[in-house]
file upload29.txt (compact mmCIF, C-alpha atoms)
# COMPACT_ATOMS: atom_id res chain seq x y z
CA MET A 14 -12.75 23.25 -27.79
CA ALA A 15 -12.63 23.30 -24.03
CA ASP A 16 -9.38 22.89 -22.12
CA HIS A 17 -8.38 19.33 -21.35
CA PRO A 18 -9.85 18.23 -18.00
CA GLU A 19 -6.35 17.61 -16.62
CA ARG A 20 -5.98 21.38 -16.43
CA TRP A 21 -9.15 21.76 -14.40
CA ASN A 22 -8.84 21.83 -10.63
CA ALA A 23 -10.69 19.48 -8.31
CA PRO A 24 -13.32 19.69 -7.07
CA PHE A 25 -14.81 19.97 -10.54
CA THR A 26 -17.60 22.48 -11.12
CA GLN A 27 -20.96 21.41 -12.54
CA VAL A 28 -20.04 23.17 -15.78
CA GLU A 29 -16.92 21.02 -16.05
CA LEU A 30 -18.73 17.83 -15.04
CA ARG A 31 -21.31 18.31 -17.79
CA ARG A 32 -18.48 18.09 -20.33
CA LEU A 33 -17.45 14.63 -19.09
CA TRP A 34 -19.10 11.32 -20.00
CA THR A 35 -20.71 9.20 -17.31
CA TYR A 36 -19.62 5.57 -16.86
CA SER A 37 -20.71 2.66 -14.70
CA ASP A 38 -19.37 -0.77 -13.76
CA GLY A 39 -22.69 -1.82 -12.23
CA ALA A 40 -21.67 -0.85 -8.71
CA LEU A 41 -20.07 2.57 -9.21
CA THR A 42 -21.34 5.34 -11.49
CA ALA A 43 -18.97 8.26 -12.02
CA LYS A 44 -17.72 10.82 -14.47
CA GLY A 45 -14.46 9.89 -16.14
CA TYR A 46 -11.74 11.27 -18.36
CA ARG A 47 -8.62 9.88 -19.96
CA LEU A 48 -5.23 11.47 -19.26
CA PRO A 49 -3.57 12.47 -22.55
CA GLY A 50 -0.21 11.41 -23.89
CA GLY A 51 2.82 13.28 -22.63
CA THR A 52 1.48 13.43 -19.08
CA ALA A 53 2.09 11.35 -15.98
CA ARG A 54 0.02 8.13 -16.15
CA ALA A 55 -0.97 8.85 -19.76
CA GLY A 56 -3.96 6.80 -20.88
CA SER A 57 -5.18 6.23 -17.32
CA TRP A 58 -8.67 7.34 -16.34
CA VAL A 59 -9.61 9.66 -13.50
CA LEU A 60 -12.96 8.94 -11.83
CA VAL A 61 -14.90 11.93 -10.54
CA ASP A 62 -17.87 11.94 -8.17
CA GLN A 63 -20.94 13.28 -10.01
CA ALA A 64 -22.33 15.13 -6.98
CA THR A 65 -19.24 16.62 -5.33
CA GLY A 66 -16.80 16.88 -8.23
CA ASN A 67 -14.12 15.22 -6.12
CA VAL A 68 -11.66 12.74 -7.63
CA GLN A 69 -12.53 9.17 -6.59
CA GLY A 70 -9.61 7.27 -8.04
CA VAL A 71 -7.53 6.39 -11.11
CA VAL A 72 -8.00 3.33 -13.35
CA PRO A 73 -5.19 2.02 -15.61
CA PRO A 74 -5.58 2.12 -19.41
CA GLY A 75 -7.30 -0.93 -20.86
CA GLU A 76 -8.70 -1.93 -17.51
CA PHE A 77 -11.09 1.02 -17.66
CA SER A 78 -13.07 -0.18 -20.72
CA ARG A 79 -13.02 -3.78 -19.49
CA ARG A 80 -14.65 -2.63 -16.27
CA PHE A 81 -16.71 0.44 -17.17
CA ARG A 82 -19.31 1.13 -19.87
CA PRO A 83 -20.79 4.50 -20.88
CA VAL A 84 -24.19 4.97 -19.24
CA ASP A 85 -26.83 4.69 -21.97
CA LEU A 86 -30.45 5.29 -20.96
CA PHE A 87 -31.52 4.66 -24.56
CA ALA A 88 -29.79 1.28 -24.92
CA ASP A 89 -33.22 -0.41 -25.13
CA VAL A 90 -35.81 2.11 -26.28
CA PRO A 91 -38.46 -0.55 -27.12
CA GLY A 92 -38.25 -1.60 -23.47
CA LEU A 93 -39.11 1.89 -22.20
CA PRO A 94 -42.64 2.65 -20.97
CA THR A 95 -42.64 5.67 -23.31
CA TYR A 96 -41.83 3.68 -26.50
CA LEU A 97 -43.90 4.48 -29.60
CA GLY A 98 -42.48 2.55 -32.55
CA THR A 99 -39.54 1.76 -34.81
CA VAL A 100 -38.60 2.70 -38.36
CA THR A 101 -36.99 -0.28 -40.11
CA ALA A 102 -35.08 -0.94 -43.31
CA SER A 103 -36.59 -3.05 -46.09
CA ASP A 104 -34.85 -6.12 -44.66
CA GLY A 105 -36.40 -5.51 -41.23
CA THR A 106 -33.29 -4.01 -39.62
CA ALA A 107 -34.28 -1.52 -36.90
CA LEU A 108 -32.85 1.91 -37.72
CA VAL A 109 -34.49 4.50 -35.45
CA ASP A 110 -36.90 4.26 -32.53
CA LEU A 111 -39.55 6.72 -31.42
CA ALA A 112 -40.39 7.40 -27.78
CA LEU A 113 -41.99 10.08 -25.65
CA ASP A 114 -40.03 12.24 -23.27
CA ARG A 115 -40.93 11.00 -19.77
CA ASN A 116 -41.31 14.60 -18.57
CA PRO A 117 -43.75 16.41 -20.87
CA PHE A 118 -43.66 20.11 -20.06
CA MET A 119 -47.08 20.86 -21.52
CA LEU A 120 -49.55 18.95 -19.38
CA ALA A 121 -52.41 21.46 -19.31
CA ASN A 122 -52.74 23.59 -22.43
CA GLY A 123 -55.61 25.44 -23.96
CA PRO A 124 -59.33 25.51 -23.06
CA ARG A 125 -59.48 21.70 -22.78
CA ARG A 126 -56.27 21.55 -20.66
CA VAL A 127 -54.91 18.69 -22.76
CA PRO A 128 -51.35 17.34 -22.49
CA ARG A 129 -49.16 17.76 -25.55
CA PRO A 130 -46.59 15.18 -26.70
CA HIS A 131 -42.82 15.62 -26.85
CA ALA A 132 -41.47 12.85 -29.07
CA LEU A 133 -37.85 11.70 -29.34
CA ILE A 134 -36.27 10.06 -32.40
CA VAL A 135 -33.40 7.77 -31.38
CA PRO A 136 -30.95 5.87 -33.64
CA ARG A 137 -30.91 2.19 -32.69
CA SER A 138 -27.34 1.12 -33.38
CA HIS A 139 -25.08 3.97 -32.29
CA ARG A 140 -24.80 6.43 -29.42
CA ASP A 141 -22.89 9.13 -31.28
CA GLY A 142 -24.52 12.16 -32.84
CA TRP A 143 -26.38 12.32 -36.15
CA SER A 144 -23.08 13.52 -37.62
CA SER A 145 -21.99 9.85 -37.38
CA ALA A 146 -25.18 8.37 -38.85
CA THR A 147 -25.37 6.45 -42.11
CA ALA A 148 -27.45 7.59 -45.07
CA SER A 149 -30.02 4.86 -44.31
CA GLU A 150 -30.27 5.97 -40.67
CA LEU A 151 -30.75 9.58 -41.74
CA ALA A 152 -33.41 8.56 -44.26
CA ALA A 153 -35.18 6.62 -41.49
CA CYS A 154 -34.94 9.69 -39.28
CA GLN A 155 -36.60 11.74 -42.02
CA THR A 156 -39.39 9.16 -42.21
CA ALA A 157 -39.89 9.42 -38.46
CA MET A 158 -39.88 13.23 -38.61
CA THR A 159 -42.56 13.22 -41.32
CA LEU A 160 -44.67 10.79 -39.33
CA VAL A 161 -44.41 12.80 -36.10
CA ALA A 162 -45.26 16.03 -37.96
CA ALA A 163 -48.41 14.42 -39.35
CA TRP A 164 -49.35 13.07 -35.90
CA TYR A 165 -48.97 16.53 -34.36
CA ARG A 166 -51.10 18.09 -37.13
CA SER A 167 -53.85 15.60 -36.30
CA MET A 168 -53.97 17.07 -32.77
CA ASP A 169 -55.58 20.50 -33.13
CA GLY A 170 -53.35 21.46 -36.06
CA GLY A 171 -50.10 21.38 -34.09
CA HIS A 172 -46.72 22.17 -35.63
CA VAL A 173 -43.35 20.54 -34.94
CA VAL A 174 -39.93 21.98 -34.12
CA PHE A 175 -36.89 19.68 -34.24
CA SER A 176 -33.72 20.07 -32.19
CA ALA A 177 -30.75 17.90 -31.15
CA ASN A 178 -27.94 18.28 -28.61
CA ASP A 179 -25.26 15.94 -29.94
CA SER A 180 -21.73 15.14 -28.79
CA ALA A 181 -18.69 14.27 -30.85
CA PRO A 182 -17.80 10.54 -30.89
CA ASN A 183 -16.28 9.45 -27.58
CA LEU A 184 -12.85 8.71 -29.04
CA ASP A 185 -11.19 8.59 -25.64
CA TYR A 186 -13.24 5.52 -24.71
CA LEU A 187 -12.59 3.93 -28.12
CA ARG A 188 -8.84 4.42 -27.57
CA ASP A 189 -9.14 2.59 -24.28
CA VAL A 190 -11.03 -0.27 -25.95
CA GLU A 191 -8.13 -0.52 -28.40
CA ALA A 192 -5.65 -0.46 -25.52
CA ALA A 193 -7.57 -3.30 -23.84
CA GLY A 194 -7.39 -5.34 -27.04
CA GLY A 195 -3.75 -4.52 -27.71
CA THR A 196 -4.58 -2.73 -30.96
CA LEU A 197 -3.94 0.90 -29.94
CA ALA A 198 -1.49 2.30 -32.48
CA GLY A 199 1.15 4.78 -31.43
CA GLY A 200 1.12 8.35 -32.68
CA GLY A 201 -1.94 9.99 -34.18
CA SER A 202 -4.19 12.54 -32.55
CA ASP A 203 -4.60 12.42 -28.78
CA VAL A 204 -6.80 15.50 -28.51
CA ALA A 205 -9.29 15.28 -25.65
CA ILE A 206 -12.95 15.11 -26.71
CA THR A 207 -15.48 16.69 -24.36
CA ARG A 208 -19.21 16.00 -24.24
CA ASN A 209 -21.91 18.46 -25.28
CA PRO A 210 -22.85 20.08 -21.94
CA ARG A 211 -26.50 20.38 -23.03
CA GLN A 212 -26.84 16.65 -23.77
CA GLU A 213 -28.80 15.05 -20.94
CA VAL A 214 -28.76 11.49 -22.31
CA GLN A 215 -25.54 9.95 -23.65
CA HIS A 216 -27.15 8.66 -26.83
CA ALA A 217 -27.97 10.69 -29.93
CA HIS A 218 -31.61 11.69 -30.19
CA LEU A 219 -33.72 14.28 -31.94
CA HIS A 220 -36.35 16.25 -30.02
CA ALA A 221 -39.70 16.85 -31.73
CA PHE A 222 -41.35 19.72 -29.84
CA TYR A 223 -45.09 20.26 -30.24
CA ALA A 224 -45.90 23.89 -31.12
CA GLU A 225 -49.49 25.09 -30.71
CA ARG A 226 -51.13 26.52 -33.82
CA ASP A 227 -52.32 29.62 -31.93
CA GLU A 228 -51.75 31.38 -28.64
CA THR A 229 -52.68 29.03 -25.79
CA GLU A 230 -52.80 29.29 -22.03
CA ASN A 231 -50.42 27.05 -20.11
CA HIS A 232 -52.59 26.29 -17.08
CA GLU A 233 -49.68 24.81 -15.10
CA SER A 234 -47.74 28.05 -15.47
CA SER A 235 -50.83 30.10 -14.67
CA ALA A 236 -51.36 28.21 -11.41
CA LEU A 237 -47.78 28.94 -10.36
CA ALA A 238 -47.81 32.58 -11.43
CA GLY A 239 -51.26 33.45 -10.06
CA TYR A 240 -52.37 34.95 -13.39
CA PRO A 241 -52.99 33.63 -16.91
CA VAL A 242 -49.76 32.71 -18.72
CA ILE A 243 -50.21 32.63 -22.48
CA GLY A 244 -47.81 30.75 -24.75
CA ALA A 245 -47.31 32.21 -28.22
CA GLY A 246 -47.27 28.78 -29.88
CA TYR A 247 -45.86 28.44 -33.38
CA ARG A 248 -45.57 32.23 -33.77
CA ALA A 249 -42.68 32.25 -31.29
CA PHE A 250 -40.45 30.58 -33.87
CA SER A 251 -38.78 31.81 -37.03
CA ALA A 252 -36.65 29.97 -39.55
CA ALA A 253 -33.51 32.08 -39.04
CA LEU A 254 -30.92 32.07 -36.25
CA GLY A 255 -27.92 34.17 -35.16
CA SER A 256 -24.50 34.59 -36.72
CA ASP A 257 -22.96 31.66 -34.82
CA ALA A 258 -25.36 29.19 -36.51
CA VAL A 259 -24.41 27.42 -39.75
CA LYS A 260 -27.01 26.42 -42.34
CA VAL A 261 -26.65 22.84 -43.61
CA GLU A 262 -28.60 21.21 -46.43
CA PRO A 263 -30.82 18.46 -44.94
CA ASP A 264 -29.82 15.89 -47.59
CA SER A 265 -29.43 12.40 -46.08
CA THR A 266 -26.61 11.52 -48.47
CA ARG A 267 -24.35 14.35 -47.27
CA LEU A 268 -25.88 15.65 -44.04
CA ALA A 269 -23.55 13.78 -41.68
CA ALA A 270 -20.39 14.98 -43.43
CA ASP A 271 -21.66 18.57 -43.64
CA VAL A 272 -22.58 18.60 -39.94
CA ARG A 273 -19.15 17.21 -39.00
CA ALA A 274 -17.49 19.95 -41.01
CA ALA A 275 -19.65 22.68 -39.49
CA ALA A 276 -19.10 21.40 -35.93
CA GLN A 277 -15.33 20.91 -36.26
CA PRO A 278 -14.49 24.38 -34.83
CA TRP A 279 -16.62 23.50 -31.75
CA GLY A 280 -14.80 20.22 -31.08
CA GLY A 281 -17.39 18.12 -32.92
CA SER A 282 -20.30 18.72 -30.54
CA TYR A 283 -23.25 20.78 -31.74
CA CYS A 284 -26.92 21.60 -31.34
CA SER A 285 -29.40 21.69 -34.22
CA TYR A 286 -32.66 23.47 -35.03
CA GLN A 287 -35.20 22.91 -37.77
CA LEU A 288 -38.64 24.49 -38.00
CA GLY A 289 -40.89 21.81 -39.47
CA VAL A 290 -39.86 18.97 -41.75
CA ASP A 291 -39.00 21.23 -44.67
CA GLY A 292 -37.49 24.22 -42.82
CA PRO A 293 -33.82 25.23 -42.98
CA PHE A 294 -31.51 22.96 -40.97
CA TRP A 295 -29.16 24.84 -38.64
CA VAL A 296 -26.29 23.66 -36.45
CA MET A 297 -24.71 25.82 -33.75
CA PRO A 298 -22.38 25.61 -30.76
CA ALA A 299 -23.96 24.33 -27.56
CA LEU A 300 -23.07 27.49 -25.66
CA GLY A 301 -23.71 30.59 -27.71
CA PRO A 302 -26.30 33.24 -28.66
CA SER A 303 -28.21 31.07 -31.16
CA MET A 304 -28.82 28.27 -28.66
CA ASP A 305 -29.77 30.85 -26.03
CA GLU A 306 -32.30 32.30 -28.47
CA PHE A 307 -33.73 28.88 -29.31
CA ASN A 308 -34.43 28.23 -25.63
CA ARG A 309 -36.09 31.65 -25.32
CA ARG A 310 -38.33 30.76 -28.28
CA LEU A 311 -39.30 27.46 -26.67
CA ALA A 312 -40.20 29.30 -23.47
CA ARG A 313 -42.29 31.93 -25.29
CA ALA A 314 -44.06 29.24 -27.31
CA ASP A 315 -45.07 27.16 -24.29
CA GLY A 316 -45.63 29.78 -21.60
CA LEU A 317 -42.53 28.74 -19.66
CA LYS A 318 -39.36 30.49 -18.50
CA ALA A 319 -35.86 30.55 -19.97
CA GLU A 320 -33.16 31.65 -17.55
CA PRO A 321 -29.37 31.63 -17.11
CA ASP A 322 -28.30 28.16 -15.99
CA PRO A 323 -25.31 28.14 -13.61
CA ASP A 324 -24.60 24.52 -14.60
CA LEU A 325 -24.04 25.81 -18.13
CA GLY A 326 -21.89 28.74 -17.10
CA GLY A 327 -24.82 31.17 -17.31
CA ALA A 328 -26.05 30.09 -20.75
CA ILE A 329 -29.82 30.32 -21.24
CA ASN A 330 -31.77 27.14 -20.62
CA LEU A 331 -35.45 26.23 -20.61
CA VAL A 332 -36.82 25.86 -17.09
CA ARG A 333 -38.77 22.61 -17.28
CA PRO A 334 -41.42 21.64 -14.73
CA SER A 335 -40.22 18.91 -12.40
CA LEU A 336 -41.52 15.39 -11.85
CA ALA A 337 -40.56 15.53 -8.17
CA ASP A 338 -44.17 16.29 -7.22
CA THR A 339 -46.06 12.99 -6.96
CA GLU A 340 -49.27 14.45 -8.38
CA ARG A 341 -47.47 15.84 -11.44
CA LEU A 342 -45.59 12.58 -11.95
CA GLN A 343 -48.88 10.68 -12.00
CA ALA A 344 -50.35 13.23 -14.43
CA ALA A 345 -47.32 12.79 -16.70
CA GLN A 346 -47.72 9.01 -16.60
CA ARG A 347 -51.39 9.29 -17.51
CA ALA A 348 -50.48 11.65 -20.36
CA THR A 349 -47.89 9.20 -21.65
CA ALA A 350 -50.43 6.38 -21.69
CA GLU A 351 -52.96 8.56 -23.54
CA GLN A 352 -50.39 9.73 -26.09
CA ARG A 353 -49.11 6.21 -26.76
CA ALA A 354 -52.70 5.18 -27.45
CA SER A 355 -53.16 8.24 -29.68
CA PHE A 356 -50.05 7.39 -31.67
CA GLY A 357 -51.09 3.76 -32.03
CA THR A 358 -54.49 4.84 -33.35
CA PHE A 359 -52.86 7.32 -35.74
CA ALA A 360 -50.43 4.69 -37.07
CA ALA A 361 -53.19 2.11 -37.52
CA ARG A 362 -55.35 4.64 -39.39
CA HIS A 363 -52.47 5.08 -41.85
CA GLY A 364 -51.92 1.34 -42.22
CA LEU A 365 -48.68 1.29 -40.23
CA ASN A 366 -47.32 -1.30 -37.83
CA THR A 367 -45.63 0.54 -34.96
CA ARG A 368 -42.87 -2.08 -34.94
CA SER A 369 -42.10 -1.26 -38.58
CA LEU A 370 -43.09 2.31 -39.32
CA ASP A 371 -41.54 2.49 -42.77
CA GLY A 372 -44.88 1.20 -44.04
call {"tool": "encode", "arguments": {"input": "upload29.txt", "output": "structure tokens"}}
result
Amino acid sequence: MADHPERWNAPFTQVELRRLWTYSDGALTAKGYRLPGGTARAGSWVLVDQATGNVQGVVPPGEFSRRFRPVDLFADVPGLPTYLGTVTASDGTALVDLALDRNPFMLANGPRRVPRPHALIVPRSHRDGWSSATASELAACQTAMTLVAAWYRSMDGGHVVFSANDSAPNLDYLRDVEAAGGTLAGGGSDVAITRNPRQEVQHAHLHAFYAERDETENHESSALAGYPVIGAGYRAFSAALGSDAVKVEPDSTRLAADVRAAAQPWGGSYCSYQLGVDGPFWVMPALGPSMDEFNRRLARADGLKAEPDPDLGGAINLVRPSLADTERLQAAQRATAEQRASFGTFAARHGLNTRSLDG
């Protein structure tokens, strides 16, 4: 586990900031952390500017959770323009949502230069990682995974690779909620919990990467490089990982507990990797050789680059194309519209209602 933020020196580095949760009161959005017991102003929260890393102020315990909420971009997935559908329980309760990543990094692949989807599977009712999910939520996730895999196969025989970057439950914020309600008990653990530095969105989600069946040119990369850039597709991946990865049985009745146990030495945060629906399920630390290797495989598969990321302390990260260019943003929006239509057609062909994908 990382050192407690109180021992970090301001201004905070980007590596340190990525380990802190982001909060907002509607007017101010900032990073925040709770001072531990046994320190001056224990239980108070330090606000940190996201851009500069400078301390912006201190908020008393209890007042923090009354004023601030964790930023959650997936609080309303059905309201997103990239929404695909929802897997529900037999009583109609929404369990997991499906959406497209707003920044597809394969917009021009193969001889037909077609965009490829990058689906996300998002639990509806909780922000914490899949290690906190219920058996019914995990079963719904498996249903969604099977559906996405079949959808990808229907597009030129594509394969699917699953991965998650999950954080441990944000217990610091829960302690403050208890302090606000007057229910915070004395004693117990007051160990600081830090966020997974690879997690871009503060809500658990599972990536479903499209892997080409064969070698395929990435025409976007070719245009930038000035020569043909060929992605290896599915052949870039293998089922095994390095020695820092732990194999967990993908059984929905015990998966959450097994992942929690595996991730305990890493402070509860973890990344996961699974090749296909039936491949071995691996969990690994966010910063380590196995996660570096996974990002290299993604890059080789798609004809992209994987490089040391200074915001991750030099760990390897996939270099994704940006949406800053207006033309590329418009292309991504067109691709999203086409892929939503494709998914709707696929679901209808299989007799599924996208608002209730359990069938």
call {"tool": "closest_residue", "arguments": {"input": "upload29.txt", "among": "A:Ala177, A:Leu111, A:Met158, A:Ala88", "to": "His139 in chain A", "atoms": "only C-alpha atoms"}}
result
A:Ala88
call {"tool": "residues_around", "arguments": {"input": "upload29.txt", "residues": "range 73-81 of chain A", "least_positions_apart": "5", "cutoff": "7 Å", "atoms": "all atoms listed in the file", "output": "mmCIF file with C-alpha atoms, in the coordinates of the input"}}
result
data_model
loop_
_atom_site.group_PDB
_atom_site.id
_atom_site.type_symbol
_atom_site.label_atom_id
_atom_site.label_comp_id
_atom_site.auth_asym_id
_atom_site.auth_seq_id
_atom_site.Cartn_x
_atom_site.Cartn_y
_atom_site.Cartn_z
ATOM 1 C CA TYR A 36 -19.620 5.570 -16.860
ATOM 2 C CA SER A 37 -20.710 2.660 -14.700
ATOM 3 C CA ASP A 38 -19.370 -0.770 -13.760
ATOM 4 C CA GLY A 56 -3.960 6.800 -20.880
ATOM 5 C CA SER A 57 -5.180 6.230 -17.320
ATOM 6 C CA TRP A 58 -8.670 7.340 -16.340
ATOM 7 C CA TYR A 186 -13.240 5.520 -24.710
ATOM 8 C CA ASP A 189 -9.140 2.590 -24.280
ATOM 9 C CA VAL A 190 -11.030 -0.270 -25.950
ATOM 10 C CA ALA A 192 -5.650 -0.460 -25.520
ATOM 11 C CA ALA A 193 -7.570 -3.300 -23.840
#
call {"tool": "atom_distance", "arguments": {"input": "upload29.txt", "atom1": "CA of Ala270 in chain A", "atom2": "CA of Cys154 in chain A"}}
result
16.0 Å
call {"tool": "atom_distance", "arguments": {"input": "upload29.txt", "atom1": "CA of Ala348 in chain A", "atom2": "CA of Ser138 in chain A"}}
result
28.6 Å
call {"tool": "closest_residue", "arguments": {"input": "upload29.txt", "among": "A:Glu233, A:Glu340, A:Asp179, A:Glu228", "to": "Thr207 in chain A", "atoms": "only C-alpha atoms"}}
result
A:Asp179
call {"tool": "residues_around", "arguments": {"input": "upload29.txt", "residues": "Asn231 in chain A", "least_positions_apart": "2", "cutoff": "10 Å", "atoms": "all atoms listed in the file", "output": "number ranges by chain"}}
result
A: 118-124, 126-127, 228-229, 233-236, 241-244, 314-317
call {"tool": "write_last_selection", "arguments": {"input": "upload29.txt", "atoms": "C-alpha atoms", "output": "PDB file, in the frame of the given file"}}
result
ATOM      1  CA  PHE A 118     -43.660  20.110 -20.060  1.00  0.00           C
ATOM      2  CA  MET A 119     -47.080  20.860 -21.520  1.00  0.00           C
ATOM      3  CA  LEU A 120     -49.550  18.950 -19.380  1.00  0.00           C
ATOM      4  CA  ALA A 121     -52.410  21.460 -19.310  1.00  0.00           C
ATOM      5  CA  ASN A 122     -52.740  23.590 -22.430  1.00  0.00           C
ATOM      6  CA  GLY A 123     -55.610  25.440 -23.960  1.00  0.00           C
ATOM      7  CA  PRO A 124     -59.330  25.510 -23.060  1.00  0.00           C
ATOM      8  CA  ARG A 126     -56.270  21.550 -20.660  1.00  0.00           C
ATOM      9  CA  VAL A 127     -54.910  18.690 -22.760  1.00  0.00           C
ATOM     10  CA  GLU A 228     -51.750  31.380 -28.640  1.00  0.00           C
ATOM     11  CA  THR A 229     -52.680  29.030 -25.790  1.00  0.00           C
ATOM     12  CA  GLU A 233     -49.680  24.810 -15.100  1.00  0.00           C
ATOM     13  CA  SER A 234     -47.740  28.050 -15.470  1.00  0.00           C
ATOM     14  CA  SER A 235     -50.830  30.100 -14.670  1.00  0.00           C
ATOM     15  CA  ALA A 236     -51.360  28.210 -11.410  1.00  0.00           C
ATOM     16  CA  PRO A 241     -52.990  33.630 -16.910  1.00  0.00           C
ATOM     17  CA  VAL A 242     -49.760  32.710 -18.720  1.00  0.00           C
ATOM     18  CA  ILE A 243     -50.210  32.630 -22.480  1.00  0.00           C
ATOM     19  CA  GLY A 244     -47.810  30.750 -24.750  1.00  0.00           C
ATOM     20  CA  ALA A 314     -44.060  29.240 -27.310  1.00  0.00           C
ATOM     21  CA  ASP A 315     -45.070  27.160 -24.290  1.00  0.00           C
ATOM     22  CA  GLY A 316     -45.630  29.780 -21.600  1.00  0.00           C
ATOM     23  CA  LEU A 317     -42.530  28.740 -19.660  1.00  0.00           C
TER      24      LEU A 317
END
call {"tool": "atom_distance", "arguments": {"input": "upload29.txt", "atom1": "CA of Gln63 in chain A", "atom2": "CA of Leu30 in chain A"}}
result
7.1 Å
call {"tool": "closest_residue", "arguments": {"input": "upload29.txt", "among": "A:Ile329, A:His216, A:Ala249, A:Gly105", "to": "Leu86 in chain A", "atoms": "all atoms listed in the file"}}
result
A:His216
call {"tool": "closest_residue", "arguments": {"input": "upload29.txt", "among": "A:Gly142, A:Val259, A:Phe25, A:Gly289", "to": "Asp324 in chain A", "atoms": "only C-alpha atoms"}}
result
A:Phe25
call {"tool": "build_atoms", "arguments": {"input": "upload29.txt", "residues": "range 316-321 of chain A", "atoms": "all heavy atoms", "output": "PDB file, in the coordinates of the input"}}
result
ATOM      1  N   GLY A 316     -45.253  29.120 -22.837  1.00  0.00           N
ATOM      2  CA  GLY A 316     -45.630  29.780 -21.600  1.00  0.00           C
ATOM      3  C   GLY A 316     -44.777  29.340 -20.427  1.00  0.00           C
ATOM      4  O   GLY A 316     -45.255  29.200 -19.301  1.00  0.00           O
ATOM      5  N   LEU A 317     -43.483  29.138 -20.690  1.00  0.00           N
ATOM      6  CA  LEU A 317     -42.530  28.740 -19.660  1.00  0.00           C
ATOM      7  C   LEU A 317     -41.477  29.826 -19.498  1.00  0.00           C
ATOM      8  O   LEU A 317     -41.591  30.914 -20.065  1.00  0.00           O
ATOM      9  CB  LEU A 317     -41.868  27.399 -20.043  1.00  0.00           C
ATOM     10  CG  LEU A 317     -42.820  26.205 -20.129  1.00  0.00           C
ATOM     11  CD1 LEU A 317     -42.099  25.001 -20.719  1.00  0.00           C
ATOM     12  CD2 LEU A 317     -43.371  25.866 -18.753  1.00  0.00           C
ATOM     13  N   LYS A 318     -40.443  29.542 -18.722  1.00  0.00           N
ATOM     14  CA  LYS A 318     -39.360  30.490 -18.500  1.00  0.00           C
ATOM     15  C   LYS A 318     -38.064  29.951 -19.091  1.00  0.00           C
ATOM     16  O   LYS A 318     -37.833  28.745 -19.110  1.00  0.00           O
ATOM     17  CB  LYS A 318     -39.169  30.768 -17.003  1.00  0.00           C
ATOM     18  CG  LYS A 318     -40.328  31.487 -16.340  1.00  0.00           C
ATOM     19  CD  LYS A 318     -40.036  31.734 -14.862  1.00  0.00           C
ATOM     20  CE  LYS A 318     -41.186  32.473 -14.187  1.00  0.00           C
ATOM     21  NZ  LYS A 318     -40.906  32.710 -12.742  1.00  0.00           N
ATOM     22  N   ALA A 319     -37.215  30.866 -19.545  1.00  0.00           N
ATOM     23  CA  ALA A 319     -35.860  30.550 -19.970  1.00  0.00           C
ATOM     24  C   ALA A 319     -34.926  31.465 -19.196  1.00  0.00           C
ATOM     25  O   ALA A 319     -35.070  32.688 -19.247  1.00  0.00           O
ATOM     26  CB  ALA A 319     -35.689  30.751 -21.471  1.00  0.00           C
ATOM     27  N   GLU A 320     -34.007  30.876 -18.458  1.00  0.00           N
ATOM     28  CA  GLU A 320     -33.160  31.650 -17.550  1.00  0.00           C
ATOM     29  C   GLU A 320     -31.703  31.212 -17.645  1.00  0.00           C
ATOM     30  O   GLU A 320     -31.415  30.102 -18.121  1.00  0.00           O
ATOM     31  CB  GLU A 320     -33.648  31.456 -16.107  1.00  0.00           C
ATOM     32  CG  GLU A 320     -35.059  31.943 -15.843  1.00  0.00           C
ATOM     33  CD  GLU A 320     -35.521  31.644 -14.424  1.00  0.00           C
ATOM     34  OE1 GLU A 320     -34.830  30.846 -13.732  1.00  0.00           O
ATOM     35  OE2 GLU A 320     -36.561  32.207 -14.012  1.00  0.00           O
ATOM     36  N   PRO A 321     -30.775  32.053 -17.172  1.00  0.00           N
ATOM     37  CA  PRO A 321     -29.370  31.630 -17.110  1.00  0.00           C
ATOM     38  C   PRO A 321     -29.229  30.398 -16.221  1.00  0.00           C
ATOM     39  O   PRO A 321     -29.777  30.348 -15.114  1.00  0.00           O
ATOM     40  CB  PRO A 321     -28.659  32.850 -16.508  1.00  0.00           C
ATOM     41  CG  PRO A 321     -29.546  34.018 -16.831  1.00  0.00           C
ATOM     42  CD  PRO A 321     -30.944  33.473 -16.774  1.00  0.00           C
TER      43      PRO A 321
END
